[in-house]
Every structure is written in structure tokens, then in C-alpha cells.
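A short write-up of the structure that comes next.
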Amino acid sequence: MLLDGRFLRLWCGATASGLATWSLPFVLGLAVLERTLTPAGLGVVLAARTVGFLLAVPAAGVLADRFSRRGVVFWAGLAAAGAAPVIALGLGRSTAVMAAAAVVVGAGQGACRPAFQALTAEVVAISDRQRANAAMTVAVRVTSLVAPGITALLVVLTGVWALLIGTGALWLIAGLLPPAGRASPPRGETRLDLVGDFRDGLREASRHPWFLAGLGALTAVIATGYSATGVALPLISRDDYGSEFVLAAATTGYTVGALAGALLMSRWTPAAQGWAALAGLAAYGVAPLSLVLPTSPAVVVAAYAVAGVGIEVFNVPWFTAIQREVAPDKIARVSSLDFLSSYGLAPLGLAVMAPAIEWFGAPAVLLTCALVCFAAPAAAALHPSSRTLSAGVPR
């Protein structure tokens with residue numbers, strides 16, 4: 001896929017946006033270590049970015065379907081590139097200024113996600129989309145694997161301020177590099193109605209029972225399994241194992257597993273791809289399950305690696321099915337619903353998990369979340385269209 005010049009430009013742009021998205025909280029975390037930002041300030045800035053993301057996703061889905069997908073990526077990247085230096089200027093001076101700029105960065109991130117999904121469907125032929133989505137995922141996982149070490153080295157050489165400026169440069173690359181689509185989707189009426197157009201996307205989503213079932217399962221897994229492990233793993237690594245080693249090893253195992261899963265899906269197309277995808281999603285349940293009782297660190301790391309493989313066995317066919325089955329002029333809106341529902345509930349899940357663990361204990365919460373991770377995809381698989389992630393003849 002990377003020998004195709006148009007896809008290579010799209011891949012590099014998406015990789016740049018992913019690296020910029022990943023690096024901001026890490027760089028700000030280094031600012032906390034340097035005492036130029038307080039932990040509370042870090043929380044405010046990251047929360048502001050999440051707010052911007054959630055506000056932009058539905059609007060961007062409409063704009064990317066009604067106008068140029070390439071144009072949405074360009075303006076979103078430009079906005080985020082302009083806001084990143086403002087975050088740097090506010091560092092050590094004004095948390096309010098940093099938070100306001102973070103809202104813009106989050107909006108750029110939120111606008112890019114559905115636009116990139118729809119642009120992939122324009123740039124890549126149907127027969128190549130699964131490999132293309134796998135290649136996108138490989139870039140994300142390799143970046144998250146090697147970037148921490150590189151970033152830690154760069155902060156010694158250049159400082160946090162320069163790295164924040166660097167995230168703006170990455171957003172600029174993300175906005176400028178992707179190509180225009182070969183064929184723009186039908187635009188319909190010229191009058192823009194954000195609410196009405198988004199409702200059209202909801203109606204399109206409702207035409208695909210496999211999408212509603214899969215989205216419900218994905219949302220349940222992220223709101224419970226992701227949230228529980230995000231809160232519990234650092235505590236268990238510190239309290240039960242006496243160091244941060246298990247936290248670092250499990251996180252790395254998850255990333256390596258996800259990379260392996262993406263590489264697998266670049267070559268494997270199962271006959272019952274929907275069932276295989278949902279089974280992969282259910283595999284995330286082994287991560288919270290491995291933390292219920294004290295066990296060997298190797299068991300925890302292996303469980304996280306399995307969860308990583310499973311999440312990409314789900315992600316790659318899921319994105320490919322949306323690009324294949326959804327009406328071409330509504331792909332961005334349906335994708336925005338995907339991101340809004342699944343990732344939008346993640347902060348709520350994180351907010352609930354800490355008090356739940358305090359009230360009921362980590363083992364009870366983790367076991368419950370593991371059961372939800374197993375049960376939700378199994379329930380989604382009961383609908384006949386979930387077997388192939390298709391309700392009929394592909395569009």
C-alpha cells in the first residue's frame with residue numbers, strides 16, 4: 001500500500017496527526033515533572049482538549065460529507081497547528097490560555113478523525129481498504145511504541161516548549177499532506193443544516209443493524225474495560241508488585257500485541273469477519289480479568305498482549321466495513337457517531353471507576369468489567385448481519 005503515492009501521502013498525514021495527538025499529554029506530563037505545570041493544570045488542559053474533540057466530531061462529520069474531506073482535514077490541521085504554540089506560550093504563565101488553546105487542538109483532532117475515515121474510502125479502492133486500514137493502525141502502534149523514548153531524548157536536547165511547538169508542526173503536516181479524493185460524494189442541497197444533516201447520518205446508521213450492535217459492544221468495552229484497567233493497573237502495579245514495572249510492561253505488551261494484530265489483519269480476511277472482529281473485541285476482557293487476583297507479572301503482560309491483538313482484529317474490519325457498507329456521502333457522519341459514542345463515554349467511565357473501586361474494591365469492579373467485555377460482543381454477535389458486518393450487497 002505504501003508504494004501508492006496517494007495513499008502514502010494520506011498515511012503520512014494521518015500518522016502525523018496521530019503522533020501530535022499522542023505526544024501532547026506526554027509532553028505536558030514532562031512539564032509537570034519540570035514543575036512548569038501543576039498536576040491540576042495538566043488535568044484542566046487535557047480535559048479542555050477532550051471537550052474540543054467531542055464538540056467538533058459531529059460537526060466535522062457533517063462538513064466532511066457535505067464539502068471536501070480534504071478541505072476539512074486542511075482547516076482542522078491548520079487550526080490545531082496555530083493553537084499548539086499558544087499552549088507553549090501559556091506554559092508557566094496561564095493555565096486558562098493553555099486550556100483555551102487545547103480546546104482548539106482537540107477540535108482539530110476531532111475534525112480529522114471522521115474526515116480521514118471518509119477520505120480513505122475516496123483514495124483507496126474497495127479491495128485494498130482492509131490493508132490500508134491495517135497500515136494506518138501499524139503507523140499508530142509503531143509511533144506509540146518508539147515515541148516515548150524519542151520524546152524523552154528530545155526534551156533533554158530542546159526542552160518542553162520546543163516540543164509543544166513541534167506538535168504544531170506535526171498538525172501542519174497532517175493538514176497539508178493528504179491528497180484530494182478521486183471522487184467527491186454527492187453533496188445534496190447547498191443549504192447547510194448541521195442538526196438536520198447529522199440526523200441524516202443517524203438514519204443511515206440505523207439502516208445497518210451490525211453497526212448499531214457493534215457500536216454498542218465497543219462502547220461497553222471502552223466504558224468499562226478500558227476505564228477499569230486505566231485506573232486499576234497503575235494502582236495494582238504499585239501496591240501488589242511494588243514498582244511501576246508491571247504498568248510499563250503491560251502497556252508495552254498491549255502495544256506490541258496491537259501491532260501484531262494489525263499485521264495479521266493486513267493478510268487475513270476471515271469468512272465470518274464480523275464474528276472474528278467481535279471475538280477480538282471480547283478478548284479485551286482478559287486484561288481486567290488478569291488483575292482480579294495476584295498473579296505472575298508475566299500473566300498480566302500476556303493478557304494485555306492478547307487484548308492488544310484482539311482490539312486490532314476488531315478495529316481493522318470495523319473501519320473497513322463502515323467504508324464499504326455505508327452510503328458514500330454519509331461515511332464521515334457515521335464515523336463521527338462511532339467516535340462520539342465510543343470514545344465520548346471514556347471520560348465518564350474513568351470518572352466512575354475510581355470511586356467504584358474505592359467503594360466495592362478493585363477485584364469486584366474488575367471482574368464485573370471483564371464480564372461486560374465478554375458479554376457485550378457476544379450479544380452483538382447474535383444479530384445475523386453481525387456475522388459478516390454486512391446487511392446485503394456492498395455499496
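By order in the C-alpha cells, chains are A, B, ...; within a chain, residues start at 1; ligands start at 1, following the order shown.
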
List every residue of region 27-119 of chain A that has an atom at most 8 Å from any atom of region 329-334 of chain A, and for each one report the closest atom pair and its distance in Å to one decimal, counting only C-alpha atoms, with rows sorted by chain and then by increasing residue number, as JSON lines.
{"residue": "A:Pro58", "atom": "CA", "partner": "A:Arg333", "partner_atom": "CA", "distance": 6.9}
{"residue": "A:Ala60", "atom": "CA", "partner": "A:Ala332", "partner_atom": "CA", "distance": 7.8}
{"residue": "A:Gly61", "atom": "CA", "partner": "A:Arg333", "partner_atom": "CA", "distance": 4.1}
{"residue": "A:Val62", "atom": "CA", "partner": "A:Arg333", "partner_atom": "CA", "distance": 5.6}
{"residue": "A:Ala64", "atom": "CA", "partner": "A:Ala332", "partner_atom": "CA", "distance": 6.0}
{"residue": "A:Asp65", "atom": "CA", "partner": "A:Asp329", "partner_atom": "CA", "distance": 5.4}
{"residue": "A:Arg66", "atom": "CA", "partner": "A:Asp329", "partner_atom": "CA", "distance": 7.5}
{"residue": "A:Pro114", "atom": "CA", "partner": "A:Ala332", "partner_atom": "CA", "distance": 4.8}
{"residue": "A:Ala115", "atom": "CA", "partner": "A:Ala332", "partner_atom": "CA", "distance": 5.9}
{"residue": "A:Gln117", "atom": "CA", "partner": "A:Ala332", "partner_atom": "CA", "distance": 6.7}
{"residue": "A:Ala118", "atom": "CA", "partner": "A:Ala332", "partner_atom": "CA", "distance": 5.2}

Restricting the output to N, CA and C atoms, write the selected residues as a PDB file, in the first residue's frame.
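Heads up, here's the output in again27.pdb:
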ATOM      1  N   PRO A  58     -19.119  15.640  15.783  1.00  0.00           N
ATOM      2  CA  PRO A  58     -20.356  15.581  14.999  1.00  0.00           C
ATOM      3  C   PRO A  58     -20.413  16.630  13.897  1.00  0.00           C
ATOM      4  N   ALA A  60     -17.870  18.022  12.343  1.00  0.00           N
ATOM      5  CA  ALA A  60     -16.908  17.659  11.302  1.00  0.00           C
ATOM      6  C   ALA A  60     -17.439  16.538  10.427  1.00  0.00           C
ATOM      7  N   GLY A  61     -18.200  15.599  11.012  1.00  0.00           N
ATOM      8  CA  GLY A  61     -18.790  14.535  10.204  1.00  0.00           C
ATOM      9  C   GLY A  61     -19.721  15.095   9.143  1.00  0.00           C
ATOM     10  N   VAL A  62     -20.514  16.094   9.525  1.00  0.00           N
ATOM     11  CA  VAL A  62     -21.420  16.730   8.562  1.00  0.00           C
ATOM     12  C   VAL A  62     -20.627  17.483   7.497  1.00  0.00           C
ATOM     13  N   ALA A  64     -17.543  17.116   6.496  1.00  0.00           N
ATOM     14  CA  ALA A  64     -16.759  16.247   5.622  1.00  0.00           C
ATOM     15  C   ALA A  64     -17.621  15.523   4.600  1.00  0.00           C
ATOM     16  N   ASP A  65     -18.903  15.331   4.902  1.00  0.00           N
ATOM     17  CA  ASP A  65     -19.812  14.715   3.933  1.00  0.00           C
ATOM     18  C   ASP A  65     -20.395  15.740   2.963  1.00  0.00           C
ATOM     19  N   ARG A  66     -20.587  16.947   3.417  1.00  0.00           N
ATOM     20  CA  ARG A  66     -21.206  17.976   2.577  1.00  0.00           C
ATOM     21  C   ARG A  66     -20.203  18.721   1.715  1.00  0.00           C
ATOM     22  N   PRO A 114     -13.167  11.692  11.596  1.00  0.00           N
ATOM     23  CA  PRO A 114     -14.120  11.225  10.594  1.00  0.00           C
ATOM     24  C   PRO A 114     -13.715  11.600   9.171  1.00  0.00           C
ATOM     25  N   ALA A 115     -13.032  12.739   9.012  1.00  0.00           N
ATOM     26  CA  ALA A 115     -12.618  13.142   7.669  1.00  0.00           C
ATOM     27  C   ALA A 115     -11.577  12.182   7.105  1.00  0.00           C
ATOM     28  N   GLN A 117     -11.299   9.018   7.897  1.00  0.00           N
ATOM     29  CA  GLN A 117     -12.012   7.786   7.587  1.00  0.00           C
ATOM     30  C   GLN A 117     -12.687   7.865   6.215  1.00  0.00           C
ATOM     31  N   ALA A 118     -13.377   8.980   5.966  1.00  0.00           N
ATOM     32  CA  ALA A 118     -14.074   9.135   4.694  1.00  0.00           C
ATOM     33  C   ALA A 118     -13.090   9.329   3.543  1.00  0.00           C
TER      34      ALA A 118
END

Residues near Asn315 (chain A), anyone? I mean within 12 Å using only C-alpha atoms, not counting same-chain ones fewer than 3 positions away, as an MDAnalysis selection string. chainID A and resid 130 133:138 214:215 218 258:259 261:262 265:266 273:274 276:281 308:312 318:322 338

Would you mind telling me which residue in A:Ala303, A:Ala351, A:Val160, A:Ala132 lies nearest to Ser290 (chain A) when using only C-alpha atoms? A:Ala303

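The two atoms in question, CA of Ala381 (chain A) and CA of Phe314 (chain A), are spaced 12.6 Å apart.
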
Residue neighbourhood Val86 (chain A), 8 Å, only C-alpha atoms, exclusion window fewer than 5 positions, as a list in words: Val97, Met98 and Ala101 of chain A

Select, from A:Gln109, A:Ser127, A:Thr229, A:Ser17, the residue with the minimum atom-to-atom distance to Ser336 (chain A), counting only C-alpha atoms. A:Gln109

Could you pull out the residues in region 260-307 of chain A that DSSP calls helix (DSSP H, G or I) from the backbone, as a ChimeraX atom specification? /A:260-265,273-289,297-307

Selection near Ile165 (chain A), 8 Å with only C-alpha atoms, sequence-local residues under 4 positions removed, as a ChimeraX atom specification: /A:84-85,88,161,169

Keeping N, CA and C atoms for every residue in the selection just given, could you write it to a file as a PDB file, in the first residue's frame?
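Output saved as result_4.pdb:
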ATOM      1  N   ALA A  84      -1.236  25.109  18.907  1.00  0.00           N
ATOM      2  CA  ALA A  84      -0.149  24.475  19.660  1.00  0.00           C
ATOM      3  C   ALA A  84       0.861  25.482  20.208  1.00  0.00           C
ATOM      4  N   PRO A  85       1.319  26.487  19.425  1.00  0.00           N
ATOM      5  CA  PRO A  85       2.236  27.475  20.015  1.00  0.00           C
ATOM      6  C   PRO A  85       1.609  28.288  21.142  1.00  0.00           C
ATOM      7  N   ALA A  88       2.174  26.486  24.231  1.00  0.00           N
ATOM      8  CA  ALA A  88       3.558  26.705  24.655  1.00  0.00           C
ATOM      9  C   ALA A  88       3.723  28.075  25.314  1.00  0.00           C
ATOM     10  N   TRP A 161       9.064  23.409  25.794  1.00  0.00           N
ATOM     11  CA  TRP A 161       8.491  24.473  24.972  1.00  0.00           C
ATOM     12  C   TRP A 161       8.660  24.159  23.488  1.00  0.00           C
ATOM     13  N   ALA A 169       3.878  21.741  14.352  1.00  0.00           N
ATOM     14  CA  ALA A 169       4.438  21.391  13.045  1.00  0.00           C
ATOM     15  C   ALA A 169       3.849  20.073  12.537  1.00  0.00           C
TER      16      ALA A 169
END

Which residue gives the smallest distance to Gly82 (chain A) among A:Tyr343, A:Trp171, A:Phe7, A:Phe26, with only C-alpha atoms counted?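 Of the candidates, the smallest distance to Gly82 (chain A) is held by A:Trp171.
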
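Rounded to one decimal, CA of Ala76 (chain A) and CA of Arg129 (chain A) lie 23.8 Å from each other.
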
Using only C-alpha atoms, find the one residue out of A:Leu157, A:Ala139, A:Ala391, A:Val352 that sits nearest to Ala16 (chain A).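 For Ala16 (chain A), the nearest of the given residues is A:Ala139.
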
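What separates CA of Ser385 (chain A) from CA of Trp210 (chain A) is a distance of 5.3 Å.
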